[in-house]
file final.txt (compact mmCIF, C-alpha atoms)
# COMPACT_ATOMS: atom_id res chain seq x y z
CA MET W 1 -7.30 -79.36 8.63
CA ALA W 2 -3.93 -80.76 9.67
CA GLU W 3 -1.04 -80.43 7.26
CA ALA W 4 -0.98 -83.24 4.75
CA LEU W 5 1.32 -86.19 5.24
CA VAL W 6 3.53 -86.18 2.14
CA VAL W 7 5.45 -89.33 1.28
CA ALA W 8 7.96 -89.33 -1.56
CA ILE W 9 8.62 -92.37 -3.72
CA VAL W 10 11.97 -92.17 -5.48
CA GLY W 11 14.24 -94.65 -7.21
CA ALA W 12 16.08 -95.54 -10.36
CA GLU W 13 14.20 -96.21 -13.57
CA SER W 14 12.05 -99.34 -13.85
CA THR W 15 11.85 -99.94 -10.10
CA GLY W 16 8.06 -99.76 -9.83
CA LYS W 17 7.59 -96.23 -8.47
CA THR W 18 4.37 -95.47 -10.34
CA ALA W 19 2.75 -98.83 -9.65
CA LEU W 20 3.69 -98.55 -5.98
CA ALA W 21 2.29 -95.02 -5.65
CA ALA W 22 -1.04 -96.00 -7.20
CA ALA W 23 -1.36 -99.20 -5.15
CA LEU W 24 -0.42 -97.50 -1.89
CA ALA W 25 -2.92 -94.70 -2.43
CA GLU W 26 -5.70 -97.23 -2.95
CA ARG W 27 -4.73 -99.22 0.13
CA VAL W 28 -4.39 -96.18 2.39
CA ARG W 29 -7.80 -94.89 1.30
CA ALA W 30 -9.47 -98.27 1.72
CA GLU W 31 -7.92 -99.23 5.04
CA THR W 32 -7.77 -95.91 6.88
CA GLY W 33 -10.54 -93.82 5.32
CA LEU W 34 -8.12 -90.92 4.90
CA ALA W 35 -8.32 -88.76 1.79
CA CYS W 36 -5.26 -89.96 -0.09
CA ALA W 37 -3.94 -88.99 -3.52
CA TRP W 38 -0.94 -89.93 -5.58
CA VAL W 39 0.84 -87.41 -7.78
CA PRO W 40 2.21 -88.72 -11.10
CA GLU W 41 5.65 -87.92 -12.46
CA HIS W 42 5.59 -84.61 -14.32
CA LEU W 43 8.56 -85.60 -16.48
CA ARG W 44 6.59 -88.42 -18.09
CA ALA W 45 3.87 -86.07 -19.28
CA TRP W 46 6.51 -83.55 -20.39
CA CYS W 47 8.37 -86.10 -22.52
CA GLU W 48 5.14 -87.37 -24.08
CA ARG W 49 4.09 -83.82 -24.94
CA GLU W 50 7.46 -82.68 -26.31
CA GLY W 51 8.51 -85.97 -27.90
CA ARG W 52 11.98 -85.72 -26.40
CA THR W 53 13.88 -85.60 -23.12
CA PRO W 54 14.63 -82.24 -21.47
CA GLN W 55 17.70 -80.13 -22.03
CA ARG W 56 19.79 -78.84 -19.15
CA HIS W 57 18.15 -75.42 -18.98
CA GLU W 58 14.69 -77.02 -18.79
CA GLN W 59 15.43 -79.07 -15.69
CA PRO W 60 14.64 -76.39 -13.06
CA ALA W 61 11.16 -75.79 -14.48
CA ILE W 62 10.44 -79.53 -14.49
CA ALA W 63 11.51 -79.80 -10.86
CA ALA W 64 9.34 -76.82 -9.95
CA ALA W 65 6.31 -78.28 -11.75
CA GLN W 66 6.70 -81.56 -9.84
CA ARG W 67 6.94 -79.66 -6.55
CA ASP W 68 3.88 -77.54 -7.34
CA ALA W 69 1.79 -80.58 -8.28
CA ILE W 70 2.63 -82.22 -4.96
CA GLU W 71 1.81 -79.08 -3.00
CA ALA W 72 -1.51 -78.72 -4.82
CA ALA W 73 -2.47 -82.27 -3.89
CA ALA W 74 -1.36 -81.67 -0.30
CA ALA W 75 -3.72 -78.71 -0.03
CA ALA W 76 -6.71 -80.99 -0.69
CA HIS W 77 -5.78 -84.35 0.88
CA ALA W 78 -4.70 -85.83 4.19
CA VAL W 79 -2.07 -88.09 2.62
CA VAL W 80 -0.13 -87.55 -0.60
CA LEU W 81 2.10 -90.11 -2.29
CA ALA W 82 4.47 -88.46 -4.75
CA ASP W 83 5.71 -90.51 -7.68
CA THR W 84 9.11 -88.79 -7.71
CA THR W 85 10.03 -85.33 -6.41
CA PRO W 86 12.44 -82.55 -7.47
CA LEU W 87 15.19 -84.71 -5.97
CA MET W 88 14.94 -87.10 -8.91
CA THR W 89 15.28 -84.22 -11.37
CA ALA W 90 18.39 -83.12 -9.48
CA VAL W 91 19.89 -86.61 -9.55
CA TYR W 92 19.35 -86.99 -13.30
CA SER W 93 20.81 -83.53 -13.86
CA ARG W 94 23.98 -84.84 -12.23
CA ILE W 95 23.95 -88.06 -14.26
CA VAL W 96 23.09 -86.56 -17.66
CA PHE W 97 24.52 -83.04 -17.52
CA GLY W 98 27.09 -83.17 -14.72
CA ASP W 99 25.10 -80.40 -13.03
CA ASP W 100 24.74 -80.59 -9.25
CA SER W 101 23.16 -77.14 -8.79
CA LEU W 102 19.66 -78.56 -8.26
CA VAL W 103 20.60 -80.97 -5.46
CA GLY W 104 20.66 -78.48 -2.59
CA PRO W 105 17.28 -76.87 -3.33
CA ALA W 106 15.71 -80.26 -4.06
CA ALA W 107 16.98 -81.75 -0.80
CA GLY W 108 15.73 -78.68 1.05
CA TRP W 109 12.23 -79.17 -0.33
CA GLN W 110 12.43 -82.92 0.34
CA ARG W 111 12.30 -82.07 4.06
CA ARG W 112 8.66 -81.28 3.38
CA CYS W 113 8.17 -85.04 3.04
CA ALA W 114 7.60 -87.00 6.24
CA LEU W 115 9.28 -90.01 4.67
CA THR W 116 11.00 -91.00 1.44
CA LEU W 117 10.52 -94.52 0.11
CA LEU W 118 13.43 -95.65 -2.05
CA THR W 119 12.46 -98.43 -4.45
CA ALA W 120 15.03 -101.22 -4.56
CA LEU W 121 16.76 -102.51 -7.69
CA ASP W 122 15.26 -105.99 -7.34
CA LEU W 123 12.74 -105.68 -10.20
CA PRO W 124 13.70 -106.46 -13.81
CA TRP W 125 14.41 -103.51 -16.07
CA VAL W 126 11.70 -102.87 -18.68
CA ALA W 127 11.98 -100.42 -21.60
CA ASP W 128 9.59 -97.46 -21.50
CA GLY W 129 10.16 -95.09 -24.38
CA LEU W 130 12.07 -91.84 -23.98
CA GLN W 131 12.40 -91.93 -20.21
CA ARG W 132 14.61 -94.98 -19.81
CA ASP W 133 18.29 -95.11 -20.68
CA GLY W 134 18.98 -98.77 -19.88
CA PRO W 135 19.69 -101.04 -16.93
CA HIS W 136 23.29 -99.81 -16.71
CA VAL W 137 22.18 -96.47 -15.24
CA ARG W 138 20.16 -97.92 -12.38
CA GLU W 139 23.04 -98.48 -9.96
CA PRO W 140 24.62 -95.03 -10.49
CA VAL W 141 21.23 -93.35 -10.05
CA ASP W 142 20.48 -95.40 -6.94
CA ALA W 143 23.87 -94.48 -5.49
CA LEU W 144 23.29 -90.75 -6.04
CA ILE W 145 19.82 -90.91 -4.48
CA ARG W 146 21.26 -92.60 -1.39
CA GLU W 147 24.08 -90.07 -1.27
CA ALA W 148 21.56 -87.21 -1.26
CA LEU W 149 19.25 -88.80 1.31
CA ILE W 150 22.04 -89.71 3.70
CA GLY W 151 24.09 -86.57 3.11
CA HIS W 152 21.12 -84.31 3.85
CA ALA W 153 19.90 -86.45 6.78
CA LEU W 154 16.51 -87.10 5.21
CA PRO W 155 14.28 -89.86 6.65
CA TRP W 156 13.97 -92.78 4.25
CA SER W 157 13.23 -96.47 4.01
CA LEU W 158 14.16 -98.99 1.34
CA VAL W 159 11.19 -100.83 -0.21
CA ALA W 160 11.97 -104.18 -1.78
CA GLY W 161 10.03 -107.27 -2.82
CA ALA W 162 7.85 -108.22 -5.76
CA GLY W 163 4.14 -107.69 -6.23
CA GLU W 164 2.05 -107.63 -3.08
CA ALA W 165 5.14 -108.03 -0.89
CA ARG W 166 6.47 -104.69 -2.11
CA ILE W 167 3.20 -102.98 -1.20
CA GLU W 168 3.10 -104.62 2.23
CA ASN W 169 6.68 -103.57 2.95
CA ALA W 170 5.84 -100.00 1.99
CA LEU W 171 2.76 -100.05 4.24
CA ASP W 172 4.92 -101.23 7.12
CA ALA W 173 7.22 -98.25 6.57
CA LEU W 174 4.24 -95.85 6.50
CA ALA W 175 2.38 -97.31 9.46
CA PRO W 176 4.20 -95.38 12.23
CA LEU W 177 3.34 -92.10 10.48
CA LEU W 178 -0.26 -93.05 9.73
CA ARG W 179 -0.85 -94.13 13.33
CA ARG W 180 -0.53 -90.50 14.40
CA ARG W 181 -3.52 -89.49 12.29
CA ALA W 182 -7.12 -89.72 13.46
CA THR W 183 -8.70 -92.01 10.90
CA PRO W 184 -12.29 -93.11 10.20
CA ARG W 185 -11.19 -96.73 9.95
CA ARG W 186 -8.54 -98.55 11.97
CA GLY W 187 -8.30 -101.85 10.10
CA LEU W 188 -4.85 -101.17 8.74
CA PHE W 189 -3.44 -100.45 12.19
CA THR W 190 -5.07 -103.47 13.80
CA ARG W 191 -3.60 -105.67 11.10
CA LEU W 192 -0.16 -104.12 11.42
CA ASP W 193 -0.27 -104.37 15.21
CA GLU W 194 -0.85 -108.09 14.82
CA ARG W 195 2.18 -108.32 12.55
CA ASN W 196 4.22 -106.14 14.94
CA ALA W 197 4.96 -103.79 12.06
CA GLN W 198 6.99 -101.33 14.13
CA ASP W 199 9.62 -104.04 14.55
CA ARG W 200 9.70 -104.92 10.87
CA PRO W 201 12.88 -106.43 9.40
CA TRP W 202 15.84 -104.13 8.90
CA SER W 203 16.54 -102.56 5.54
CA CYS W 204 20.16 -102.23 4.49
CA GLU W 205 21.21 -98.72 3.51
CA LEU W 206 24.17 -100.01 1.51
CA CYS W 207 22.63 -102.57 -0.82
CA ASP W 208 19.47 -104.51 -1.62
CA ASP W 209 20.81 -107.91 -0.55
CA PRO W 210 18.95 -109.21 2.54
CA ASP W 211 21.98 -111.37 3.38
CA CYS W 212 24.31 -108.34 3.46
CA GLU W 213 26.43 -108.08 6.59
CA HIS W 214 25.60 -104.38 6.98
CA ARG W 215 22.50 -104.86 9.11
CA THR W 216 21.59 -101.19 9.47
CA ARG W 217 17.98 -100.10 9.95
CA ALA W 218 16.65 -97.51 7.54
CA LEU W 219 13.72 -96.32 9.65
CA PRO W 220 12.11 -92.85 9.77
CA ARG W 221 14.06 -90.58 12.05

call {"tool": "encode", "arguments": {"input": "final.txt", "output": "structure tokens"}}
result
Amino acid sequence: MAEALVVAIVGAESTGKTALAAALAERVRAETGLACAWVPEHLRAWCEREGRTPQRHEQPAIAAAQRDAIEAAAAAHAVVLADTTPLMTAVYSRIVFGDDSLVGPAAGWQRRCALTLLTALDLPWVADGLQRDGPHVREPVDALIREALIGHALPWSLVAGAGEARIENALDALAPLLRRRATPRRGLFTRLDERNAQDRPWSCELCDDPDCEHRTRALPR
């Protein structure tokens, strides 16, 4: 069996990562016939179990558990959508603890992912228990994610839009990678060919404003 296609979904809090991962997995399975799984965020389960957020010394183990869950799914599926990766643990370690020691190892593992989808800040912030600090942290977190992705030359695409549009934009970003796989069903690719998905609109690497003057494509390298 060919090595699994692993796609990371990262982004600041309350930007729809979990909903996007679940929806994308369903669409990829339905429209390509590929065995596709999505891996939930380990931190969420950890916080629910412990009733608190992690301390600094617990961050490496949380990052490792997220990595191991993704690798386990990759061993049994053709496509894996990861709702966060160790990179997010590293970014929050910088934000919360001023600790950048996890960034290098996390970025190194992130190369395992064929593509990283960065969820844009265009959705309203919604409270969600222990895991969310408030809307004021979204821009700093987003900036550090971009810094890591660009600084380590990782392939990534920005995913914006609400509801179905967000899912469609993510599918457009994935289509060039999925085309390389032999699939039982080709409906997704026929549909995307008709929409000329490989020439999809640019995504700005500097902001989430479609009218921004920095018209720079953020396509998989």

call {"tool": "closest_residue", "arguments": {"input": "final.txt", "among": "W:Ala8, W:Val103, W:Val96, W:Val126", "to": "Gln55 of chain W", "atoms": "all atoms listed in the file"}}
result
W:Val96

call {"tool": "atom_distance", "arguments": {"input": "final.txt", "atom1": "atom CA of Arg112 of chain W", "atom2": "atom CA of His152 of chain W"}}
result
12.8 Å

call {"tool": "closest_residue", "arguments": {"input": "final.txt", "among": "W:Arg138, W:Arg111, W:Arg67, W:Arg44", "to": "Pro124 of chain W", "atoms": "only C-alpha atoms"}}
result
W:Arg138

call {"tool": "axis_aligned_box", "arguments": {"input": "final.txt", "around": "segment 158-175 of chain W", "padding_each_side": "5 Å", "output": "AutoDock Vina command-line options"}}
result
--center_x 8.1 --center_y -102.0 --center_z 1.6 --size_x 22.1 --size_y 22.4 --size_z 25.7

call {"tool": "closest_residue", "arguments": {"input": "final.txt", "among": "W:Leu123, W:Ala173, W:Leu43, W:Val79", "to": "Ala12 of chain W", "atoms": "only C-alpha atoms"}}
result
W:Leu123

call {"tool": "residues_near_point", "arguments": {"input": "final.txt", "point": "(17.3, -89.4, 4.6)", "cutoff": "10 Å", "atoms": "only C-alpha atoms", "output": "PyMOL selection string"}}
result
chain W and resi 107+110-111+115-118+145-157+218-221

call {"tool": "residues_around", "arguments": {"input": "final.txt", "residues": "Ala2 of chain W", "least_positions_apart": "6", "cutoff": "10 Å", "atoms": "all atoms listed in the file", "output": "number ranges by chain"}}
result
W: 75, 77-78, 181

call {"tool": "atom_distance", "arguments": {"input": "final.txt", "atom1": "atom CA of Thr89 of chain W", "atom2": "atom CA of Ala114 of chain W"}}
result
19.4 Å

call {"tool": "build_atoms", "arguments": {"input": "final.txt", "residues": "segment 160-180 of chain W", "atoms": "N, CA and C atoms", "output": "PDB file, in the frame of the given file"}}
result
ATOM      1  N   ALA W 160      11.593-103.098  -0.879  1.00  0.00           N
ATOM      2  CA  ALA W 160      11.970-104.180  -1.780  1.00  0.00           C
ATOM      3  C   ALA W 160      10.840-105.196  -1.846  1.00  0.00           C
ATOM      4  N   GLY W 161      11.021-106.211  -2.691  1.00  0.00           N
ATOM      5  CA  GLY W 161      10.030-107.270  -2.820  1.00  0.00           C
ATOM      6  C   GLY W 161       9.234-107.125  -4.111  1.00  0.00           C
ATOM      7  N   ALA W 162       8.623-108.206  -4.524  1.00  0.00           N
ATOM      8  CA  ALA W 162       7.850-108.220  -5.760  1.00  0.00           C
ATOM      9  C   ALA W 162       6.364-108.261  -5.464  1.00  0.00           C
ATOM     10  N   GLY W 163       5.586-107.606  -6.325  1.00  0.00           N
ATOM     11  CA  GLY W 163       4.140-107.690  -6.230  1.00  0.00           C
ATOM     12  C   GLY W 163       3.588-107.199  -4.911  1.00  0.00           C
ATOM     13  N   GLU W 164       2.710-107.998  -4.317  1.00  0.00           N
ATOM     14  CA  GLU W 164       2.050-107.630  -3.080  1.00  0.00           C
ATOM     15  C   GLU W 164       3.040-107.427  -1.940  1.00  0.00           C
ATOM     16  N   ALA W 165       4.143-108.177  -1.958  1.00  0.00           N
ATOM     17  CA  ALA W 165       5.140-108.030  -0.890  1.00  0.00           C
ATOM     18  C   ALA W 165       5.728-106.631  -0.867  1.00  0.00           C
ATOM     19  N   ARG W 166       5.919-106.044  -2.038  1.00  0.00           N
ATOM     20  CA  ARG W 166       6.470-104.690  -2.110  1.00  0.00           C
ATOM     21  C   ARG W 166       5.497-103.687  -1.479  1.00  0.00           C
ATOM     22  N   ILE W 167       4.215-103.861  -1.763  1.00  0.00           N
ATOM     23  CA  ILE W 167       3.200-102.980  -1.200  1.00  0.00           C
ATOM     24  C   ILE W 167       3.133-103.138   0.313  1.00  0.00           C
ATOM     25  N   GLU W 168       3.157-104.370   0.789  1.00  0.00           N
ATOM     26  CA  GLU W 168       3.100-104.620   2.230  1.00  0.00           C
ATOM     27  C   GLU W 168       4.314-104.017   2.933  1.00  0.00           C
ATOM     28  N   ASN W 169       5.484-104.133   2.332  1.00  0.00           N
ATOM     29  CA  ASN W 169       6.680-103.570   2.950  1.00  0.00           C
ATOM     30  C   ASN W 169       6.595-102.043   3.012  1.00  0.00           C
ATOM     31  N   ALA W 170       6.031-101.440   1.970  1.00  0.00           N
ATOM     32  CA  ALA W 170       5.840-100.000   1.990  1.00  0.00           C
ATOM     33  C   ALA W 170       4.828 -99.584   3.050  1.00  0.00           C
ATOM     34  N   LEU W 171       3.743-100.343   3.203  1.00  0.00           N
ATOM     35  CA  LEU W 171       2.760-100.050   4.240  1.00  0.00           C
ATOM     36  C   LEU W 171       3.375-100.147   5.625  1.00  0.00           C
ATOM     37  N   ASP W 172       4.243-101.110   5.832  1.00  0.00           N
ATOM     38  CA  ASP W 172       4.920-101.230   7.120  1.00  0.00           C
ATOM     39  C   ASP W 172       5.757 -99.979   7.416  1.00  0.00           C
ATOM     40  N   ALA W 173       6.407 -99.453   6.384  1.00  0.00           N
ATOM     41  CA  ALA W 173       7.220 -98.250   6.570  1.00  0.00           C
ATOM     42  C   ALA W 173       6.342 -97.038   6.893  1.00  0.00           C
ATOM     43  N   LEU W 174       5.142 -96.975   6.290  1.00  0.00           N
ATOM     44  CA  LEU W 174       4.240 -95.850   6.500  1.00  0.00           C
ATOM     45  C   LEU W 174       3.470 -95.927   7.801  1.00  0.00           C
ATOM     46  N   ALA W 175       3.276 -97.126   8.321  1.00  0.00           N
ATOM     47  CA  ALA W 175       2.380 -97.310   9.460  1.00  0.00           C
ATOM     48  C   ALA W 175       2.693 -96.415  10.649  1.00  0.00           C
ATOM     49  N   PRO W 176       3.954 -96.252  11.073  1.00  0.00           N
ATOM     50  CA  PRO W 176       4.200 -95.380  12.230  1.00  0.00           C
ATOM     51  C   PRO W 176       3.745 -93.948  12.020  1.00  0.00           C
ATOM     52  N   LEU W 177       3.802 -93.456  10.774  1.00  0.00           N
ATOM     53  CA  LEU W 177       3.340 -92.100  10.480  1.00  0.00           C
ATOM     54  C   LEU W 177       1.817 -92.035  10.434  1.00  0.00           C
ATOM     55  N   LEU W 178       1.197 -93.047   9.844  1.00  0.00           N
ATOM     56  CA  LEU W 178      -0.260 -93.050   9.730  1.00  0.00           C
ATOM     57  C   LEU W 178      -0.929 -93.236  11.078  1.00  0.00           C
ATOM     58  N   ARG W 179      -0.271 -93.917  11.993  1.00  0.00           N
ATOM     59  CA  ARG W 179      -0.850 -94.130  13.330  1.00  0.00           C
ATOM     60  C   ARG W 179      -1.135 -92.813  14.037  1.00  0.00           C
ATOM     61  N   ARG W 180      -0.379 -91.787  13.711  1.00  0.00           N
ATOM     62  CA  ARG W 180      -0.530 -90.500  14.400  1.00  0.00           C
ATOM     63  C   ARG W 180      -1.742 -89.725  13.915  1.00  0.00           C
TER      64      ARG W 180
END
